[in-house]
>>> print(open('protein_26.csv').read())   # CSV, C-alpha atoms
chain,number,residue,atom,x,y,z
X,17,MET,CA,39.9,-12.9,49.4
X,18,ILE,CA,40.9,-9.3,48.8
X,19,GLN,CA,40.5,-7.4,52.1
X,20,GLU,CA,40.0,-4.0,50.5
X,21,ARG,CA,36.7,-5.2,48.8
X,22,ILE,CA,35.0,-6.4,52.0
X,23,LEU,CA,32.1,-4.0,52.9
X,24,ARG,CA,29.9,-3.8,56.0
X,25,VAL,CA,26.2,-4.3,55.6
X,26,GLY,CA,25.4,-0.8,56.5
X,27,GLU,CA,27.9,0.5,53.9
X,28,VAL,CA,26.1,-1.6,51.2
X,29,ASN,CA,22.7,-0.3,52.3
X,30,ALA,CA,24.0,3.3,52.3
X,31,TYR,CA,25.5,2.9,48.9
X,32,VAL,CA,22.3,1.5,47.5
X,33,LYS,CA,20.3,4.4,49.0
X,34,ALA,CA,22.7,6.9,47.5
X,35,LEU,CA,22.2,5.3,44.1
X,36,LEU,CA,18.4,5.4,44.4
X,37,ASP,CA,18.4,9.0,45.7
X,38,THR,CA,20.5,10.2,42.7
X,39,ASP,CA,18.5,8.4,40.1
X,40,PRO,CA,16.4,11.2,38.3
X,41,ILE,CA,13.6,8.7,37.4
X,42,LEU,CA,13.1,7.4,40.9
X,43,HIS,CA,13.3,10.9,42.4
X,44,ASP,CA,9.8,11.7,41.2
X,45,VAL,CA,7.8,8.7,40.1
X,46,TYR,CA,4.1,7.9,39.7
X,47,ILE,CA,3.1,4.3,40.6
X,48,LYS,CA,-0.2,2.7,40.0
X,49,GLY,CA,-1.4,-0.1,42.2
X,50,GLU,CA,-3.8,-1.5,44.8
X,51,ILE,CA,-3.5,-0.7,48.5
X,52,SER,CA,-3.0,-3.5,50.9
X,53,ASN,CA,-1.8,-3.9,54.5
X,54,PHE,CA,-2.9,-0.3,55.1
X,55,THR,CA,-2.1,1.1,58.6
X,56,ASN,CA,-3.1,4.5,59.9
X,57,HIS,CA,-0.7,5.3,62.7
X,58,TYR,CA,-3.0,7.6,64.7
X,59,LYS,CA,-0.3,8.7,67.2
X,60,THR,CA,2.1,10.0,64.5
X,61,GLY,CA,-0.4,10.6,61.7
X,62,HIS,CA,1.8,8.5,59.2
X,63,PHE,CA,0.3,6.0,56.7
X,64,TYR,CA,2.0,2.7,56.1
X,65,PHE,CA,0.9,0.4,53.2
X,66,THR,CA,1.8,-1.7,50.3
X,67,LEU,CA,1.1,-1.1,46.6
X,68,LYS,CA,0.6,-4.3,44.6
X,69,ASP,CA,-0.4,-5.5,41.2
X,70,GLU,CA,-0.3,-8.8,39.3
X,71,GLU,CA,3.5,-8.7,38.9
X,72,GLY,CA,4.7,-7.6,42.4
X,73,SER,CA,4.4,-5.4,45.5
X,74,LEU,CA,6.1,-2.3,46.9
X,75,LYS,CA,6.2,-1.1,50.4
X,76,ALA,CA,5.2,2.5,50.9
X,77,VAL,CA,5.0,5.2,53.6
X,78,MET,CA,3.3,8.6,53.7
X,79,PHE,CA,4.3,10.9,56.5
X,80,LYS,CA,1.9,13.1,58.4
X,81,SER,CA,2.9,16.3,56.5
X,82,SER,CA,1.6,14.8,53.3
X,83,ALA,CA,-1.1,12.6,54.7
X,84,SER,CA,-2.9,15.5,56.3
X,85,LYS,CA,-3.4,17.1,52.8
X,86,LEU,CA,-5.3,14.2,51.4
X,87,LYS,CA,-9.0,14.8,50.7
X,88,PHE,CA,-9.8,11.1,51.3
X,89,LEU,CA,-8.8,8.3,53.6
X,90,PRO,CA,-7.0,5.4,51.9
X,91,GLU,CA,-8.4,1.9,52.4
X,92,ASN,CA,-7.4,-1.6,51.6
X,93,GLY,CA,-8.4,-2.7,48.1
X,94,MET,CA,-8.5,0.9,46.8
X,95,LYS,CA,-6.8,1.4,43.5
X,96,VAL,CA,-4.6,4.6,43.5
X,97,ILE,CA,-1.9,6.4,41.7
X,98,ALA,CA,0.8,7.4,44.2
X,99,ARG,CA,3.5,10.0,43.5
X,100,GLY,CA,6.8,10.1,45.4
X,101,ARG,CA,10.4,9.0,45.4
X,102,ILE,CA,12.0,5.6,45.7
X,103,SER,CA,14.6,5.4,48.5
X,104,ALA,CA,16.1,2.8,50.8
X,105,PHE,CA,15.9,2.5,54.6
X,106,VAL,CA,19.5,1.9,55.6
X,107,ARG,CA,18.8,-0.1,58.7
X,108,ASP,CA,16.6,-2.7,57.1
X,109,GLY,CA,18.2,-2.6,53.6
X,110,ALA,CA,14.7,-2.4,52.0
X,111,TYR,CA,13.7,0.2,49.5
X,112,GLN,CA,10.2,1.7,49.5
X,113,LEU,CA,8.1,4.5,48.1
X,114,TYR,CA,8.1,7.7,50.1
X,115,THR,CA,4.7,8.9,49.1
X,116,GLU,CA,4.0,12.7,48.8
X,117,ASP,CA,0.6,12.6,47.1
X,118,MET,CA,-2.1,10.2,46.1
X,119,GLU,CA,-5.1,10.1,43.8
X,120,PRO,CA,-7.8,7.4,43.4
X,121,ASP,CA,-7.4,5.6,40.1
X,122,GLY,CA,-10.6,6.1,38.0
X,123,ILE,CA,-12.5,8.2,40.5
X,124,GLY,CA,-11.8,11.6,42.1
X,125,ALA,CA,-10.4,12.0,45.5
X,126,LEU,CA,-13.0,14.6,46.4
X,127,TYR,CA,-15.8,12.2,45.5
X,128,ILE,CA,-14.3,9.4,47.7
X,129,ALA,CA,-13.8,11.9,50.5
X,130,PHE,CA,-17.5,12.9,50.1
X,131,GLU,CA,-18.7,9.3,50.2
X,132,GLN,CA,-16.5,8.4,53.2
X,133,LEU,CA,-17.7,11.4,55.3
X,134,LYS,CA,-21.3,10.8,54.3
X,135,GLU,CA,-21.1,7.2,55.4
X,136,LYS,CA,-19.4,8.1,58.7
X,137,LEU,CA,-21.9,10.8,59.6
X,138,GLN,CA,-24.8,8.6,58.6
X,139,LYS,CA,-23.7,5.9,60.9
X,140,GLU,CA,-23.5,8.4,63.7
X,141,GLY,CA,-27.1,9.4,63.1
X,142,LEU,CA,-26.6,13.0,62.0
X,143,PHE,CA,-28.9,12.5,59.0
X,144,ASP,CA,-31.7,10.7,60.9
X,145,PRO,CA,-35.2,12.3,60.4
X,146,GLU,CA,-36.0,12.4,64.1
X,147,HIS,CA,-33.3,15.1,64.6
X,148,LYS,CA,-34.8,17.4,61.9
X,149,LYS,CA,-36.4,20.6,63.3
X,150,ARG,CA,-39.6,22.0,61.9
X,151,LEU,CA,-39.5,25.3,60.1
X,152,PRO,CA,-41.5,28.2,61.6
X,153,ALA,CA,-44.7,29.0,59.7
X,154,TYR,CA,-44.2,32.8,59.9
X,155,PRO,CA,-40.6,33.8,60.7
X,156,HIS,CA,-39.9,37.3,61.8
X,157,ARG,CA,-36.1,37.2,61.3
X,158,VAL,CA,-34.2,35.1,58.8
X,159,GLY,CA,-30.4,34.6,59.0
X,160,ILE,CA,-28.5,34.3,55.8
X,161,ILE,CA,-25.0,32.8,55.6
X,162,THR,CA,-23.4,33.3,52.2
X,163,SER,CA,-21.2,35.6,50.2
X,164,PRO,CA,-22.3,39.2,50.2
X,165,THR,CA,-21.4,39.7,46.6
X,166,GLY,CA,-22.8,36.5,45.1
X,167,ALA,CA,-26.1,36.0,43.3
X,168,ALA,CA,-27.5,33.8,46.1
X,169,VAL,CA,-28.1,36.7,48.5
X,170,ARG,CA,-29.8,38.8,45.8
X,171,ASP,CA,-32.1,35.9,44.8
X,172,ILE,CA,-33.1,35.4,48.5
X,173,ILE,CA,-33.8,39.2,48.9
X,174,ASN,CA,-35.9,39.2,45.7
X,175,VAL,CA,-37.9,36.2,46.8
X,176,SER,CA,-38.4,37.7,50.3
X,177,ASN,CA,-39.7,41.0,48.9
X,178,ARG,CA,-42.1,39.2,46.7
X,179,ARG,CA,-43.4,36.6,49.2
X,180,TRP,CA,-43.1,38.0,52.7
X,181,PRO,CA,-41.6,41.5,52.9
X,182,ALA,CA,-42.4,41.7,56.6
X,183,ALA,CA,-39.6,39.3,57.4
X,184,GLU,CA,-36.3,40.9,58.6
X,185,LEU,CA,-33.3,39.5,56.6
X,186,ILE,CA,-29.9,39.5,58.4
X,187,LEU,CA,-26.8,38.6,56.4
X,188,PHE,CA,-23.7,37.1,57.9
X,189,PRO,CA,-21.0,37.6,55.1
X,190,ALA,CA,-18.8,34.5,54.7
X,191,LEU,CA,-16.5,32.9,52.2
X,192,VAL,CA,-18.3,30.1,50.3
X,193,GLN,CA,-15.2,28.4,48.8
X,194,GLY,CA,-11.6,28.0,49.7
X,195,GLU,CA,-9.7,26.7,52.7
X,196,ASN,CA,-11.0,29.4,55.1
X,197,ALA,CA,-14.7,29.1,54.0
X,198,PRO,CA,-15.7,26.2,56.4
X,199,ALA,CA,-14.5,28.2,59.5
X,200,GLN,CA,-16.4,31.3,58.5
X,201,LEU,CA,-19.6,29.3,57.7
X,202,CYS,CA,-19.3,27.7,61.2
X,203,ARG,CA,-19.0,31.1,62.8
X,204,GLY,CA,-22.1,32.2,61.0
X,205,VAL,CA,-24.1,29.3,62.4
X,206,ARG,CA,-22.9,30.0,65.9
X,207,TYR,CA,-23.5,33.7,65.6
X,208,PHE,CA,-27.2,33.2,64.7
X,209,ASN,CA,-27.5,30.7,67.6
X,210,VAL,CA,-25.9,32.9,70.3
X,211,SER,CA,-25.5,36.5,69.4
X,212,CYS,CA,-28.3,37.2,67.0
X,213,GLN,CA,-31.3,35.0,67.5
X,214,VAL,CA,-33.3,34.3,64.3
X,215,ASP,CA,-36.2,32.0,63.5
X,216,VAL,CA,-34.5,30.2,60.6
X,217,ILE,CA,-31.1,30.1,58.9
X,218,ILE,CA,-30.4,29.8,55.1
X,219,LEU,CA,-27.0,28.5,54.4
X,220,GLY,CA,-25.7,28.2,50.9
X,221,ARG,CA,-24.3,29.6,47.7
X,222,GLY,CA,-24.8,29.4,43.9
X,223,GLY,CA,-23.7,26.6,41.6
X,224,GLY,CA,-20.2,25.5,40.9
X,225,SER,CA,-17.9,22.5,40.5
X,226,LEU,CA,-17.3,19.9,43.2
X,227,GLU,CA,-14.1,21.7,44.2
X,228,GLU,CA,-15.9,25.1,44.5
X,229,LEU,CA,-18.7,23.6,46.6
X,230,TRP,CA,-16.3,21.6,48.8
X,231,ALA,CA,-16.5,24.0,51.8
X,232,PHE,CA,-20.0,22.6,52.4
X,233,ASN,CA,-18.6,19.1,52.7
X,234,ASP,CA,-16.6,19.9,55.8
X,235,GLU,CA,-17.0,17.7,58.8
X,236,THR,CA,-16.8,20.5,61.4
X,237,LEU,CA,-19.4,22.5,59.5
X,238,ALA,CA,-21.7,19.4,59.4
X,239,ARG,CA,-21.4,18.9,63.2
X,240,THR,CA,-22.0,22.7,63.8
X,241,ILE,CA,-25.2,22.5,61.7
X,242,PHE,CA,-26.3,19.4,63.6
X,243,ALA,CA,-25.8,21.2,67.0
X,244,SER,CA,-27.7,24.3,65.9
X,245,ARG,CA,-30.9,25.1,67.9
X,246,VAL,CA,-32.2,27.2,65.0
X,247,PRO,CA,-33.6,25.3,62.0
X,248,ILE,CA,-31.3,25.4,59.0
X,249,ILE,CA,-32.1,25.2,55.3
X,250,SER,CA,-29.2,24.1,53.1
X,251,ALA,CA,-29.2,25.6,49.6
X,252,VAL,CA,-25.9,24.7,47.9
X,253,GLY,CA,-25.4,24.9,44.2
X,254,HIS,CA,-28.0,23.8,41.7
X,255,GLU,CA,-30.8,21.2,42.0
X,256,THR,CA,-28.4,18.3,40.9
X,257,ASP,CA,-25.7,19.3,43.4
X,258,PHE,CA,-25.6,17.6,46.8
X,259,SER,CA,-23.4,18.3,49.8
X,260,ILE,CA,-22.9,17.0,53.3
X,261,SER,CA,-24.7,20.1,54.6
X,262,ASP,CA,-27.8,19.1,52.6
X,263,PHE,CA,-28.0,15.8,54.5
X,264,VAL,CA,-27.4,17.2,58.0
X,265,SER,CA,-29.5,20.3,57.7
X,266,ASP,CA,-33.2,20.4,58.7
X,267,MET,CA,-34.2,20.9,55.1
X,268,ARG,CA,-32.5,20.9,51.7
X,269,ALA,CA,-33.4,23.4,49.0
X,270,PRO,CA,-32.3,22.9,45.4
X,271,THR,CA,-31.3,26.6,45.0
X,272,PRO,CA,-31.0,29.7,47.3
X,273,SER,CA,-34.3,31.0,45.7
X,274,ALA,CA,-36.0,27.8,46.6
X,275,ALA,CA,-34.7,28.1,50.2
X,276,ALA,CA,-36.3,31.5,50.5
X,277,GLU,CA,-39.6,30.1,49.3
X,278,LEU,CA,-39.3,27.3,51.8
X,279,ALA,CA,-38.4,29.7,54.7
X,280,LEU,CA,-41.0,32.4,53.9
X,281,PRO,CA,-44.8,32.1,53.4
X,282,ASP,CA,-46.5,33.5,50.4
X,283,ARG,CA,-48.4,36.6,51.4
X,284,THR,CA,-51.0,36.1,48.7
X,285,GLN,CA,-51.7,32.6,49.9
X,286,SER,CA,-51.6,33.7,53.5
X,287,LYS,CA,-54.1,36.5,52.7
X,288,ASP,CA,-56.4,34.1,51.0
X,289,GLY,CA,-56.0,31.7,53.9
X,290,ILE,CA,-56.9,34.5,56.3
X,291,LEU,CA,-59.9,35.4,54.3
X,292,ARG,CA,-61.1,31.7,54.2
X,293,THR,CA,-60.4,31.4,57.9
X,294,GLY,CA,-62.5,34.6,58.5
X,295,MET,CA,-65.3,33.2,56.4
X,296,ARG,CA,-65.3,29.9,58.3
X,297,MET,CA,-65.2,31.8,61.6
X,298,THR,CA,-68.1,33.9,60.5
X,299,ALA,CA,-70.1,30.9,59.4
X,300,ALA,CA,-69.3,29.1,62.7
X,301,LEU,CA,-70.3,32.2,64.7
X,302,GLN,CA,-73.6,32.5,62.9
X,303,SER,CA,-74.3,28.8,63.4
X,304,ARG,CA,-73.6,29.2,67.0
X,305,LEU,CA,-75.8,32.2,67.4
X,306,HIS,CA,-78.6,30.4,65.6
X,307,THR,CA,-78.3,27.5,68.0
X,308,LEU,CA,-78.3,29.8,71.0
X,309,ARG,CA,-81.4,31.7,69.7
X,310,VAL,CA,-83.2,28.4,69.3
X,311,LYS,CA,-82.2,27.4,72.8
X,312,VAL,CA,-83.4,30.8,74.2
X,313,ASP,CA,-86.7,30.5,72.5
X,314,THR,CA,-87.1,26.9,73.8
X,315,ASP,CA,-86.2,28.0,77.4
X,316,ALA,CA,-88.5,30.9,77.2
X,317,LYS,CA,-91.5,28.6,76.8
X,318,LYS,CA,-90.6,26.5,79.8
X,319,ARG,CA,-93.2,26.4,82.6
X,320,CYS,CA,-90.8,27.9,85.2
X,321,LEU,CA,-90.5,31.1,83.1
X,322,VAL,CA,-94.1,31.2,81.9
X,323,ALA,CA,-95.5,30.6,85.4
X,324,PRO,CA,-92.7,31.3,87.9
X,325,THR,CA,-94.9,30.5,90.9
X,326,ALA,CA,-96.0,27.1,89.6
X,327,PRO,CA,-93.1,25.3,91.1
X,328,ILE,CA,-93.8,27.0,94.5
X,329,ASP,CA,-97.4,25.9,94.2
X,330,ASP,CA,-96.4,22.4,93.4
X,331,ARG,CA,-94.1,22.4,96.4
X,332,ARG,CA,-96.8,23.8,98.6
X,333,MET,CA,-99.2,21.1,97.6
X,334,LEU,CA,-96.6,18.5,98.2
X,335,LEU,CA,-95.9,20.0,101.6
X,336,SER,CA,-99.6,20.0,102.5
X,337,HIS,CA,-99.9,16.4,101.4
X,338,LEU,CA,-96.8,15.4,103.5
X,339,GLU,CA,-98.2,17.3,106.5
X,340,THR,CA,-101.5,15.4,106.3
X,341,ARG,CA,-99.6,12.1,106.1
X,342,LEU,CA,-97.4,13.1,109.0
X,343,GLU,CA,-100.4,14.0,111.2
X,344,ARG,CA,-102.2,10.7,110.3
X,345,ALA,CA,-99.1,8.7,111.1
X,346,SER,CA,-98.5,10.7,114.3
X,347,SER,CA,-102.0,10.0,115.5
X,348,LEU,CA,-101.8,6.4,114.7
X,349,LEU,CA,-98.5,6.1,116.5
X,350,LEU,CA,-99.8,8.0,119.5
X,351,GLU,CA,-102.9,5.7,119.8
X,352,ARG,CA,-100.8,2.6,119.5
X,353,ASN,CA,-98.4,3.9,122.2
X,354,ARG,CA,-101.4,4.8,124.5
X,355,ALA,CA,-102.7,1.3,124.2
X,356,VAL,CA,-99.4,-0.2,125.0
X,357,LEU,CA,-99.0,2.3,127.9
X,358,GLY,CA,-102.5,1.2,129.3
X,359,LEU,CA,-101.4,-2.4,129.2
X,360,ARG,CA,-98.2,-1.6,131.0
X,361,ALA,CA,-100.0,0.5,133.6
X,362,GLN,CA,-102.5,-2.3,134.3
X,363,ASP,CA,-99.6,-4.7,134.7
X,364,LEU,CA,-98.0,-2.3,137.2
X,365,LYS,CA,-101.3,-1.9,139.0
X,366,ASN,CA,-101.7,-5.6,139.3
X,367,LEU,CA,-98.2,-5.9,140.7
X,368,ASN,CA,-98.7,-3.1,143.2
X,369,PRO,CA,-98.7,-4.6,146.8
X,370,LEU,CA,-101.1,-1.8,147.9
X,371,ALA,CA,-103.6,-3.1,145.3
X,372,VAL,CA,-103.4,-6.5,146.9
X,373,ILE,CA,-104.0,-5.0,150.4
X,374,ALA,CA,-107.0,-3.1,148.9
X,375,ARG,CA,-108.6,-6.5,148.1
X,376,GLY,CA,-108.7,-7.4,151.9
X,377,TYR,CA,-105.2,-8.6,152.5
X,378,SER,CA,-102.5,-7.1,154.7
X,379,ALA,CA,-98.7,-6.9,154.5
X,380,VAL,CA,-96.2,-7.5,157.3
X,381,PHE,CA,-93.2,-5.2,157.6
X,382,ASP,CA,-90.2,-5.7,160.0
X,383,GLN,CA,-88.7,-3.0,162.2
X,384,SER,CA,-86.6,-1.8,159.2
X,385,GLY,CA,-89.7,-1.4,157.0
X,386,HIS,CA,-88.9,-4.4,154.8
X,387,VAL,CA,-91.7,-6.8,153.8
X,388,VAL,CA,-91.5,-10.0,155.7
X,389,LYS,CA,-91.6,-12.7,153.2
X,390,SER,CA,-90.2,-15.5,155.4
X,391,VAL,CA,-90.5,-16.5,159.0
X,392,LYS,CA,-86.7,-16.5,159.0
X,393,GLN,CA,-86.7,-12.7,158.9
X,394,VAL,CA,-88.2,-12.4,162.4
X,395,LYS,CA,-88.0,-14.1,165.7
X,396,PRO,CA,-90.1,-14.1,168.9
X,397,GLY,CA,-90.0,-10.7,170.6
X,398,ASP,CA,-89.5,-8.7,167.3
X,399,THR,CA,-92.0,-5.9,166.6
X,400,VAL,CA,-93.7,-6.1,163.3
X,401,THR,CA,-96.3,-3.9,161.6
X,402,PHE,CA,-99.4,-5.1,159.7
X,403,ARG,CA,-100.4,-2.8,156.9
X,404,THR,CA,-104.1,-2.9,156.1
X,405,VAL,CA,-106.3,-1.0,153.7
X,406,ASP,CA,-107.3,1.5,156.3
X,407,GLY,CA,-104.2,1.7,158.5
X,408,GLY,CA,-101.7,-0.4,160.4
X,409,VAL,CA,-101.3,-2.7,163.4
X,410,VAL,CA,-98.1,-2.9,165.5
X,411,ALA,CA,-97.6,-6.3,167.1
X,412,SER,CA,-95.0,-8.3,168.9
X,413,VAL,CA,-94.0,-11.7,167.5
X,414,GLN,CA,-94.9,-14.5,170.0
X,415,LYS,CA,-94.0,-17.5,168.0
X,416,THR,CA,-92.9,-18.5,164.4
X,417,TYR,CA,-93.5,-21.7,162.5
X,418,GLU,CA,-92.8,-22.9,159.0
X,419,SER,CA,-95.2,-24.2,156.4
X,420,ASN,CA,-95.1,-24.3,152.6
X,421,ILE,CA,-98.0,-22.4,151.1
X,422,ARG,CA,-97.1,-23.5,147.5
X,423,GLU,CA,-97.5,-27.1,148.6
X,424,GLU,CA,-100.8,-26.4,150.3
X,425,ILE,CA,-102.1,-24.7,147.2
X,426,LYS,CA,-101.4,-27.8,145.2
>>> encode(input="protein_26.csv", output="structure tokens")
Amino acid sequence: MIQERILRVGEVNAYVKALLDTDPILHDVYIKGEISNFTNHYKTGHFYFTLKDEEGSLKAVMFKSSASKLKFLPENGMKVIARGRISAFVRDGAYQLYTEDMEPDGIGALYIAFEQLKEKLQKEGLFDPEHKKRLPAYPHRVGIITSPTGAAVRDIINVSNRRWPAAELILFPALVQGENAPAQLCRGVRYFNVSCQVDVIILGRGGGSLEELWAFNDETLARTIFASRVPIISAVGHETDFSISDFVSDMRAPTPSAAAELALPDRTQSKDGILRTGMRMTAALQSRLHTLRVKVDTDAKKRCLVAPTAPIDDRRMLLSHLETRLERASSLLLERNRAVLGLRAQDLKNLNPLAVIARGYSAVFDQSGHVVKSVKQVKPGDTVTFRTVDGGVVASVQKTYESNIREEIK
């Protein structure tokens, strides 16, 4: 073996890399294939993936500086045309495509980016109807965010002068296309929410290509519109043009002129409506007055108004009747109570000991004045008093004896 021809692995890989880097064809090459094994390295911002077709596969990488410029997010299964250079990674000895740009194969990058952002925001609920705010019926101040030199602002002014000239139009001049347009459009929305309060905002521009309308497909602008406290009408392009701002706004208008018609009432229709309302109010008032007149006439014929003293007379008759009934009831009660009292008095009279004495009997009292009911209350030598109908007898007890009168009566 010839010693001079022995190479290290790293030297071989470096040599192969040098050959690849100096090949003019591989220095700027377009490769068509399907993406697989896609990895979005969020920490670094790099994309790692594989391009494949029926005949083979090729590893590829797209660094953050190039990936950040893409208008869409690559996905597995997506067919693309990638531009870049073929080079080798010395450490691994593998060659790969260092991708600098990428376009979808058969469909535009902007359209894919539009569909991806639309799907993302829809899943988050930014398009849900319950978040839509109602437009004011009669706005006093209307904010307009558009180019000051475009046809859109002139169309809005013309419609406003025709429909509702009383409304105050306030323009926030902003770019409506280009890289700086989304930031200015966002500032306009925040301005009308914080610094200059308006009743409704019109956001839009005239027609154009998808690239020219792309500022209204910005994610930051969509989230700014969603956070607005003031209702927003999106009027971007023509009737067939749709943007993300159309979906997230409170109402979509096909053109800026249509947006002004949605934001402002028609003074002719409003005048007619006021006249019709006035006629209905007049008719309602007349009907109410007629009802009240009928009620007044009916009340005027009531007895209390025709003969004001009649209720008093009725009450007087009722009072007299009640007085008679009260006297009759009182007399009856008094007679009944007198009879009961007479019976009670007779009972008391019969129970009075003096009444018994008056019939020829006498009562015996001891020295303390108590009636002697038993021989046990006195003893020989005690002084007792006999009470008679016409006086009393004082006597001295000589002797006592016991006998049972109840038994004798039997």
>>> closest_residue(input="protein_26.csv", among="X:Gly204, X:Phe263, X:Val312, X:Asn209", to="Ile161 in chain X", atoms="all atoms listed in the file")
X:Gly204
>>> atom_distance(input="protein_26.csv", atom1="CA of Ile241 in chain X", atom2="CA of Ile218 in chain X")
11.1 Å
>>> closest_residue(input="protein_26.csv", among="X:Gln193, X:Ser176, X:Gln213, X:Ser261", to="Asp282 in chain X", atoms="all atoms listed in the file")
X:Ser176
>>> closest_residue(input="protein_26.csv", among="X:Gln383, X:Arg170, X:Val216, X:Arg332", to="Ala183 in chain X", atoms="only C-alpha atoms")
X:Val216
>>> atom_distance(input="protein_26.csv", atom1="CA of Ile260 in chain X", atom2="CA of Val169 in chain X")
20.9 Å
>>> residues_around(input="protein_26.csv", residues="Gly223 in chain X", least_positions_apart="6", cutoff="12 Å", atoms="all atoms listed in the file", output="list in words")
Gly166, Ala167, Ala168, Val192, Gln193, Leu229, Trp230, Ala251, Val252, Gly253, His254, Glu255, Thr256, Asp257, Phe258, Ser259, Pro270, Thr271 and Pro272 of chain X
>>> closest_residue(input="protein_26.csv", among="X:Ser163, X:Asn353, X:Thr293, X:Ser103", to="Ala34 in chain X", atoms="all atoms listed in the file")
X:Ser103
>>> closest_residue(input="protein_26.csv", among="X:Ala243, X:Leu137, X:Val210, X:Val106", to="Lys149 in chain X", atoms="only C-alpha atoms")
X:Ala243
>>> atom_distance(input="protein_26.csv", atom1="CA of Gln362 in chain X", atom2="CA of Arg344 in chain X")
27.3 Å
>>> residues_around(input="protein_26.csv", residues="Arg206 in chain X", least_positions_apart="2", cutoff="12 Å", atoms="all atoms listed in the file", output="PyMOL selection string")
chain X and resi 159+161+188+199-204+208-214+217+237+239-246+248
>>> closest_residue(input="protein_26.csv", among="X:Leu226, X:Ala30, X:Val391, X:Ile128", to="Asp108 in chain X", atoms="all atoms listed in the file")
X:Ala30
